[in-house]
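Heads up, the thing below is written out as structure tokens.
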Amino acid sequence: GLRVYRYPLNNLNTLYKEIVMSFPKDFFWGASTSSAQCEGGYDCDGKGMTIWDVKPLNPGCCSFHYASDFYHHYKEDIALMGEMGFKMFRLSISWARILPEGEGEINQAGLDFYKDVFRECHKYGIEPLVTIFHFDLPLALQQKYGSWNNRRMGEAYVNYCRILFENFRDDVKYWLTYNEQNMLIYYGAVDMVGGTMKLQDMNDLYNQAHNQLVAQAKAIHLCHELCPDAMIGPAPNITTAYPADSNPENYLAALNNDDLRNNFYLDALVFGRYPASMNNYFEKNGIHIEAQEGDFECMRTCHPDFIGFNCYGNDTVEYCDYYELDLSDFEGGDNRKMSYLQKLAEKPGVAKAVSNTKFPQGEDGHRFDPYCIRVTARRLTDRYHLPLIITENGYGRPDTLEDDGTVHDSYRIEHLRETIRQMSIGIDEGAMLIGYCPWSAIDLVSTREGITKRYGFVYVDRDEDDEKAKDAEMKRYRKDSFYWYKKVIASNGKELD
């Protein structure tokens, strides 16, 4: 018969902690960075310029020229990761450090730098998880080809991949093709990442997406050919859309929003097709994918080995009828405002984002979604049946360095702790999670908010003043979260408090 157990309410939390800690023993605990946001050294040792070296900055924000100076501190930084017990370190390679013009002559100093970085990682038993392209396109390529609508941009990317695979086949076992490609498109009606802040044509935008996906598929094929012992996959920003309520229209809006924001980019590389629900959206917005012969076959047969996904919180949406969306007021606006992103996430005929008061409230008053990875990892597992690595997740806040060199970031610990709790339950429920690399290993320069918005386990002592940063010591300090995450890793996710 059925045996029913009843526990006093005040004991449920203890029981809950005891039964769900099920991370596999070889789980990849680590953290992430990107070249543009942490390396600095923008003009060192033959590196070429990138679009991020010249992008307009938001008022009061530093440039990416010096960033966290990982270029000169990498041994110290990787030693700190080793002290925390990292099993994996996600980083990206600067395309322009390898190929200053984006193609053509190779910069040997760039190859040597990353060889040294990988050597340091291996010294501490850390697997590099390497993003091939993380937003910082070589400036020369943009000037030469304009955008990814020009298929020669994709050819340059595949050639760049070949150079990486040939030179680092003995150093790197885990590759990521492209960071958050879907964010460049989903929020791309106004170009923020490239720094132009200009409106973009929707047909051009989605054809860029198609060309980028074909280029990634070719890179996956090439990796399997040149590095048969390596694994490679995409790294989009993936969430799950919650319907605002039980209205069937809102449930359908959530399904369609997932297709538009998430599944479009993964279905192509796993199944070799785009979600059918997007046909209506394409028709209403005058979008026609100009595929060439062989594109879909190339995607269908590339077979990624795993999926990396960035996940900071899920979306809550409700249905909205189709209407002409006017974004002209946002051109050149302040993209740091949440209302800015919320407006760009408005997709007439599909869904629009709404607030969710069901999310728990953190100690600093901020609402956050600790369920995001559990929900999304289960959904991705059911849809794609591939191993999953969380390549970004975290909590950005303006941390304070105390006079005694401490940084008390309990709000970050709270956010990560509750997220990891939900991850562990998701694994018990069948989610194929094999690694967790939150954003970020060390403090770095935020895409839109400078160095003030900090995510790292390690505090980097600099401010928004580039002139000061140019010659600054940029001393590193361990935050409270550093010691907490070290304990989490040592216990394989059991010690969270």
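Residues are referred to by chain and number: the chain letter is A, B, ... according to the order shown in the structure tokens, the number counts from 1 in that chain, and ligands are numbered separately from 1 in the order shown.
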
Check: Can you list, as a ChimeraX atom specification, every protein, DNA or RNA residue that comes within 10 Å of Arg454 (chain A) when you count only C-alpha atoms, leaving out same-chain residues fewer than 2 positions away?
Finding: /A:394-400,439-440,442-446,449-452,456-460

Next item on the list: Step one, run DSSP on the backbone; step two, keep only residues of region 203-329 of chain A assigned to strand (DSSP E); then write them as a ChimeraX atom specification.
Entry: /A:231-235,241-243,307-310,315-318

Convert the current residue selection to file output with N, CA and C atoms, as a PDB file, in the first residue's frame.
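Printed below is result-v4.pdb as written:
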```pdb
ATOM      1  N   MET A 231      34.972  18.390 -27.337  1.00  0.00           N
ATOM      2  CA  MET A 231      33.517  18.566 -27.368  1.00  0.00           C
ATOM      3  C   MET A 231      33.225  20.035 -27.670  1.00  0.00           C
ATOM      4  N   ILE A 232      32.153  20.265 -28.412  1.00  0.00           N
ATOM      5  CA  ILE A 232      31.821  21.632 -28.824  1.00  0.00           C
ATOM      6  C   ILE A 232      30.313  21.821 -28.832  1.00  0.00           C
ATOM      7  N   GLY A 233      29.886  23.018 -28.453  1.00  0.00           N
ATOM      8  CA  GLY A 233      28.464  23.335 -28.456  1.00  0.00           C
ATOM      9  C   GLY A 233      28.248  24.834 -28.481  1.00  0.00           C
ATOM     10  N   PRO A 234      27.003  25.267 -28.675  1.00  0.00           N
ATOM     11  CA  PRO A 234      26.673  26.704 -28.679  1.00  0.00           C
ATOM     12  C   PRO A 234      26.530  27.221 -27.258  1.00  0.00           C
ATOM     13  N   ALA A 235      26.451  28.551 -27.100  1.00  0.00           N
ATOM     14  CA  ALA A 235      26.274  29.167 -25.776  1.00  0.00           C
ATOM     15  C   ALA A 235      25.304  30.339 -25.850  1.00  0.00           C
ATOM     16  N   ALA A 241       9.857  30.860 -20.713  1.00  0.00           N
ATOM     17  CA  ALA A 241       8.786  31.853 -20.544  1.00  0.00           C
ATOM     18  C   ALA A 241       7.683  31.274 -19.663  1.00  0.00           C
ATOM     19  N   TYR A 242       7.367  31.999 -18.584  1.00  0.00           N
ATOM     20  CA  TYR A 242       6.227  31.639 -17.746  1.00  0.00           C
ATOM     21  C   TYR A 242       4.995  32.391 -18.257  1.00  0.00           C
ATOM     22  N   PRO A 243       3.839  31.720 -18.395  1.00  0.00           N
ATOM     23  CA  PRO A 243       2.618  32.469 -18.711  1.00  0.00           C
ATOM     24  C   PRO A 243       2.194  33.307 -17.509  1.00  0.00           C
ATOM     25  N   ILE A 307      25.197  21.513 -24.812  1.00  0.00           N
ATOM     26  CA  ILE A 307      24.661  22.874 -24.920  1.00  0.00           C
ATOM     27  C   ILE A 307      25.147  23.676 -23.722  1.00  0.00           C
ATOM     28  N   GLY A 308      25.818  24.794 -23.982  1.00  0.00           N
ATOM     29  CA  GLY A 308      26.095  25.762 -22.935  1.00  0.00           C
ATOM     30  C   GLY A 308      24.975  26.788 -22.944  1.00  0.00           C
ATOM     31  N   PHE A 309      24.545  27.226 -21.776  1.00  0.00           N
ATOM     32  CA  PHE A 309      23.503  28.263 -21.787  1.00  0.00           C
ATOM     33  C   PHE A 309      23.688  29.218 -20.615  1.00  0.00           C
ATOM     34  N   ASN A 310      23.553  30.503 -20.920  1.00  0.00           N
ATOM     35  CA  ASN A 310      23.549  31.556 -19.915  1.00  0.00           C
ATOM     36  C   ASN A 310      22.131  31.730 -19.408  1.00  0.00           C
ATOM     37  N   ASP A 315      11.514  34.645 -18.062  1.00  0.00           N
ATOM     38  CA  ASP A 315      10.596  35.706 -18.454  1.00  0.00           C
ATOM     39  C   ASP A 315       9.162  35.324 -18.093  1.00  0.00           C
ATOM     40  N   THR A 316       8.359  36.296 -17.722  1.00  0.00           N
ATOM     41  CA  THR A 316       6.925  36.110 -17.547  1.00  0.00           C
ATOM     42  C   THR A 316       6.232  36.946 -18.610  1.00  0.00           C
ATOM     43  N   VAL A 317       5.335  36.318 -19.373  1.00  0.00           N
ATOM     44  CA  VAL A 317       4.782  36.992 -20.544  1.00  0.00           C
ATOM     45  C   VAL A 317       3.265  36.833 -20.600  1.00  0.00           C
ATOM     46  N   GLU A 318       2.657  37.738 -21.346  1.00  0.00           N
ATOM     47  CA  GLU A 318       1.245  37.617 -21.695  1.00  0.00           C
ATOM     48  C   GLU A 318       1.084  37.915 -23.170  1.00  0.00           C
TER      49      GLU A 318
END
```

Pick out the residues sitting within 12 Å of Gln143 (chain A), and hand them over as an mmCIF file with N, CA, C and O atoms, in the first residue's frame; count only C-alpha atoms, and ignore anything fewer than 6 positions along from it in its own chain.
```cif
data_model
loop_
_atom_site.group_PDB
_atom_site.id
_atom_site.type_symbol
_atom_site.label_atom_id
_atom_site.label_comp_id
_atom_site.auth_asym_id
_atom_site.auth_seq_id
_atom_site.Cartn_x
_atom_site.Cartn_y
_atom_site.Cartn_z
ATOM 1 N N MET A 49 42.401 46.047 -33.189
ATOM 2 C CA MET A 49 41.261 46.716 -32.556
ATOM 3 C C MET A 49 39.993 45.904 -32.769
ATOM 4 O O MET A 49 39.833 45.202 -33.769
ATOM 5 N N THR A 50 39.076 46.009 -31.815
ATOM 6 C CA THR A 50 37.767 45.376 -31.936
ATOM 7 C C THR A 50 36.682 46.452 -31.930
ATOM 8 O O THR A 50 36.941 47.619 -31.600
ATOM 9 N N ILE A 51 35.464 46.040 -32.236
ATOM 10 C CA ILE A 51 34.357 47.006 -32.213
ATOM 11 C C ILE A 51 34.133 47.527 -30.794
ATOM 12 O O ILE A 51 33.610 48.630 -30.611
ATOM 13 N N GLU A 101 43.656 41.659 -38.071
ATOM 14 C CA GLU A 101 42.740 42.170 -39.089
ATOM 15 C C GLU A 101 41.499 41.287 -39.236
ATOM 16 O O GLU A 101 40.715 41.473 -40.166
ATOM 17 N N GLY A 102 41.372 40.301 -38.356
ATOM 18 C CA GLY A 102 40.226 39.395 -38.429
ATOM 19 C C GLY A 102 40.448 38.219 -39.357
ATOM 20 O O GLY A 102 39.771 37.198 -39.263
ATOM 21 N N LEU A 137 34.017 41.566 -32.041
ATOM 22 C CA LEU A 137 34.372 41.377 -33.450
ATOM 23 C C LEU A 137 35.551 42.270 -33.828
ATOM 24 O O LEU A 137 35.589 43.452 -33.449
ATOM 25 N N ASN A 150 26.714 39.681 -44.811
ATOM 26 C CA ASN A 150 27.722 39.332 -45.805
ATOM 27 C C ASN A 150 28.282 37.959 -45.431
ATOM 28 O O ASN A 150 28.907 37.797 -44.383
ATOM 29 N N MET A 153 31.710 37.191 -43.821
ATOM 30 C CA MET A 153 31.970 37.283 -42.387
ATOM 31 C C MET A 153 31.981 35.880 -41.782
ATOM 32 O O MET A 153 32.849 35.545 -40.956
#
```

Checklist line | Neighbour list for Ile287 (chain A) as number ranges by chain, cut-off 12 Å, only C-alpha atoms, skip fewer than 2 positions in-chain | finding: A: 201-210, 278-285, 289-290

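Residue nearest Lys468 (chain A), chosen from A:Cys62, A:Tyr322, A:Phe306, A:Lys358 and counting only C-alpha atoms: A:Cys62.
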
In region 27-172 of chain A, what's alpha helix (DSSP H) per DSSP? Answer as a PDB file with C-alpha atoms, in the first residue's frame?
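Output below, filename states.pdb:
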```pdb
ATOM      1  CA  SER A  35      38.180  38.553 -23.260  1.00  0.00           C
ATOM      2  CA  ALA A  36      36.740  42.013 -23.944  1.00  0.00           C
ATOM      3  CA  GLN A  37      35.433  42.440 -20.411  1.00  0.00           C
ATOM      4  CA  CYS A  38      38.417  41.268 -18.363  1.00  0.00           C
ATOM      5  CA  PHE A  70      43.714  39.810 -16.832  1.00  0.00           C
ATOM      6  CA  TYR A  71      46.311  40.069 -19.613  1.00  0.00           C
ATOM      7  CA  HIS A  72      48.967  40.916 -17.016  1.00  0.00           C
ATOM      8  CA  HIS A  73      47.359  39.216 -13.982  1.00  0.00           C
ATOM      9  CA  TYR A  74      46.311  35.863 -15.471  1.00  0.00           C
ATOM     10  CA  LYS A  75      48.715  33.789 -13.355  1.00  0.00           C
ATOM     11  CA  GLU A  76      47.477  35.409 -10.163  1.00  0.00           C
ATOM     12  CA  ASP A  77      43.831  35.121 -11.219  1.00  0.00           C
ATOM     13  CA  ILE A  78      44.068  31.456 -12.209  1.00  0.00           C
ATOM     14  CA  ALA A  79      45.892  30.719  -8.946  1.00  0.00           C
ATOM     15  CA  LEU A  80      42.900  32.204  -7.103  1.00  0.00           C
ATOM     16  CA  MET A  81      40.585  29.978  -9.152  1.00  0.00           C
ATOM     17  CA  GLY A  82      42.761  27.026  -8.195  1.00  0.00           C
ATOM     18  CA  GLU A  83      42.470  28.068  -4.539  1.00  0.00           C
ATOM     19  CA  MET A  84      38.680  28.025  -4.872  1.00  0.00           C
ATOM     20  CA  TRP A  95      39.674  37.121 -32.269  1.00  0.00           C
ATOM     21  CA  ALA A  96      41.706  40.296 -32.863  1.00  0.00           C
ATOM     22  CA  ARG A  97      44.516  39.093 -30.585  1.00  0.00           C
ATOM     23  CA  ILE A  98      44.949  36.057 -32.846  1.00  0.00           C
ATOM     24  CA  GLN A 108      52.084  34.611 -32.754  1.00  0.00           C
ATOM     25  CA  ALA A 109      52.139  36.620 -29.526  1.00  0.00           C
ATOM     26  CA  GLY A 110      48.384  36.083 -29.248  1.00  0.00           C
ATOM     27  CA  LEU A 111      48.723  32.335 -29.669  1.00  0.00           C
ATOM     28  CA  ASP A 112      51.505  32.298 -27.077  1.00  0.00           C
ATOM     29  CA  PHE A 113      49.409  34.232 -24.554  1.00  0.00           C
ATOM     30  CA  TYR A 114      46.529  31.772 -24.661  1.00  0.00           C
ATOM     31  CA  LYS A 115      48.944  28.819 -24.601  1.00  0.00           C
ATOM     32  CA  ASP A 116      50.269  30.247 -21.329  1.00  0.00           C
ATOM     33  CA  VAL A 117      46.738  30.743 -19.967  1.00  0.00           C
ATOM     34  CA  PHE A 118      45.815  27.140 -20.752  1.00  0.00           C
ATOM     35  CA  ARG A 119      49.069  25.918 -19.209  1.00  0.00           C
ATOM     36  CA  GLU A 120      48.251  27.737 -15.974  1.00  0.00           C
ATOM     37  CA  CYS A 121      44.742  26.247 -15.947  1.00  0.00           C
ATOM     38  CA  HIS A 122      46.065  22.717 -16.335  1.00  0.00           C
ATOM     39  CA  LYS A 123      48.590  23.312 -13.555  1.00  0.00           C
ATOM     40  CA  LEU A 139      37.031  46.185 -36.161  1.00  0.00           C
ATOM     41  CA  ALA A 140      38.708  45.507 -39.507  1.00  0.00           C
ATOM     42  CA  LEU A 141      36.103  42.857 -40.362  1.00  0.00           C
ATOM     43  CA  GLN A 142      33.180  45.152 -39.603  1.00  0.00           C
ATOM     44  CA  GLN A 143      34.746  47.859 -41.745  1.00  0.00           C
ATOM     45  CA  LYS A 144      35.422  45.380 -44.553  1.00  0.00           C
ATOM     46  CA  TYR A 145      32.200  43.313 -44.604  1.00  0.00           C
ATOM     47  CA  ARG A 151      28.473  35.593 -45.951  1.00  0.00           C
ATOM     48  CA  ARG A 152      32.194  36.381 -46.074  1.00  0.00           C
ATOM     49  CA  MET A 153      31.970  37.283 -42.387  1.00  0.00           C
ATOM     50  CA  GLY A 154      30.988  33.679 -41.723  1.00  0.00           C
ATOM     51  CA  GLU A 155      33.866  32.452 -43.864  1.00  0.00           C
ATOM     52  CA  ALA A 156      36.282  34.579 -41.823  1.00  0.00           C
ATOM     53  CA  TYR A 157      34.817  33.106 -38.611  1.00  0.00           C
ATOM     54  CA  VAL A 158      35.272  29.506 -39.819  1.00  0.00           C
ATOM     55  CA  ASN A 159      38.864  30.275 -40.864  1.00  0.00           C
ATOM     56  CA  TYR A 160      39.504  31.738 -37.397  1.00  0.00           C
ATOM     57  CA  CYS A 161      38.060  28.557 -35.856  1.00  0.00           C
ATOM     58  CA  ARG A 162      40.419  26.437 -37.951  1.00  0.00           C
ATOM     59  CA  ILE A 163      43.412  28.354 -36.571  1.00  0.00           C
ATOM     60  CA  LEU A 164      42.217  27.815 -32.998  1.00  0.00           C
ATOM     61  CA  PHE A 165      41.531  24.110 -33.462  1.00  0.00           C
ATOM     62  CA  GLU A 166      44.890  23.506 -35.148  1.00  0.00           C
ATOM     63  CA  ASN A 167      46.886  25.410 -32.522  1.00  0.00           C
ATOM     64  CA  PHE A 168      45.033  24.453 -29.329  1.00  0.00           C
TER      65      PHE A 168
END
```

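Proximity ranking of A:Ile420, A:Met432, A:Val407, A:Met474 relative to Leu496 (chain A) places A:Ile420 first, based on only C-alpha atoms.
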
Note to self: Give me the residues near Val350 (chain A) as a ChimeraX atom specification, where near means some atom within 10 Å (using only C-alpha atoms) and where sequence neighbours in that chain fewer than 5 positions away do not count.
What the structure shows: /A:249-250,252-260,277-278,280-281,317-322

Note to self: I'd like to know which of A:Ala351, A:Leu416, A:Ala230, A:Val214 is closest to Asn149 (chain A), using only C-alpha atoms.
What the structure shows: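 Checking each of A:Ala351, A:Leu416, A:Ala230, A:Val214 against Asn149 (chain A), counting only C-alpha atoms, the winner is A:Val214.
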
Notebook entry, point to check: Which one of A:Arg378, A:Lys494, A:Lys470, A:His385 sits closest to Glu429 (chain A) if you count only C-alpha atoms?
Noted result: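 Checking each candidate against Glu429 (chain A), we get A:Arg378 as the closest.
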
Check: Distance CA of Glu324 (chain A)-CA of Leu184 (chain A), one decimal place?
Finding: 20.8 Å

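For Thr406 (chain A), the list of residues within 8 Å, based on only C-alpha atoms and with local chain neighbours fewer than 3 positions off taken out, reads Leu401, Glu402, Asp403, Tyr477, Arg478, Lys479 and Asp480 of chain A.
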
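Going from CA of Asp69 (chain A) to CA of Ile389 (chain A) covers 26.6 Å.
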
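Taking CA of Ile185 (chain A) as the reference point, CA of Asn393 (chain A) is found at 20.2 Å.
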
Next item on the list: Measuring atom to atom with only C-alpha atoms, identify which of A:Leu199, A:Ser424, A:Ala244, A:Arg261 is nearest to Thr357 (chain A).
Entry: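 With only C-alpha atoms as the atom set, the closest residue is A:Ala244.
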
Notebook entry, point to check: Counting only C-alpha atoms, what is within 10 Å of Glu363 (chain A), bar same-chain residues fewer than 2 positions away, as a list in words?
Noted result: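 So the residues in contact are Pro360, Gln361, Gly365, His366, Arg367, Ser410, Tyr411, Arg412, Glu414 and His415 of chain A.
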